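Engineer: Please see the structure below; I have some questions.
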Amino acid sequence: MTSPRSRSSWKGLPTLLRAARERAGITTVEAAEALEVRRPAISEIEHGKRKVSAEELVKLADLYGVSATWLLERASSAARDDRAELAAQVLAGMSDAQLDRLSAAIRIVRERRSPLLNMPGGRKKR
């Protein structure tokens, strides 16, 4: 039986599997074909509704161009910030034009927020 601590240490694996699949440019259909399962099984794995077997994990890692060890170490790392890692992977897949639009949007938000920060009771810049 698995202890609550070890169960929670794998909590990030579904998100990490999805991010690795997307970074590799693999569709859920292609991943399902590689595992010889139906496509909904991949979605269930990536949403934590279905556990992935060791054999499936190795196949997915190979398909996604990463090692199973890398996936497991990342999933069990207590210091990992899933949101930052996922954002970095999404940003890595963006075109220069998409990055330019994102940068422009961030500038607009900062400019609009800046006057609010200087108002009495506004948040102080860090």
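Labels used: A, B, ... for chains in the order of the structure tokens, numbers from 1 for residues in each chain, and numbers from 1 for ligands as shown.
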Quick one: residues within 12 Å of stretch 29-40 of chain A, only C-alpha atoms counted, chain neighbours fewer than 5 positions away excluded, as a PyMOL selection string?

Structural biologist: chain A and resi 17-18+20-22+24+45-47+49-50+52-64

Engineer: In Å, how far is it from atom CA of A:Lys11 to atom CA of A:Glu44?

Structural biologist: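 Here the two named atoms are 13.7 Å from each other.
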
Engineer: Work out how far apart atom CA of A:Ser114 and atom CA of A:Val90 are and give it in Å to one decimal.

Structural biologist: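 If I compute the distance from atom CA of A:Ser114 to atom CA of A:Val90, I get 27.3 Å.
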
Engineer: Find the distance between atom CA of A:Gly93 and atom CA of A:Ala19 and write it in Å to one decimal.

Structural biologist: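 Separating atom CA of A:Gly93 from atom CA of A:Ala19 is a distance of 10.9 Å.
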
Engineer: Pick the closest to A:Leu13 from A:Ala75, A:Ala41, A:Gly65, A:Thr28: which is it, counting only C-alpha atoms?

Structural biologist: A:Ala75
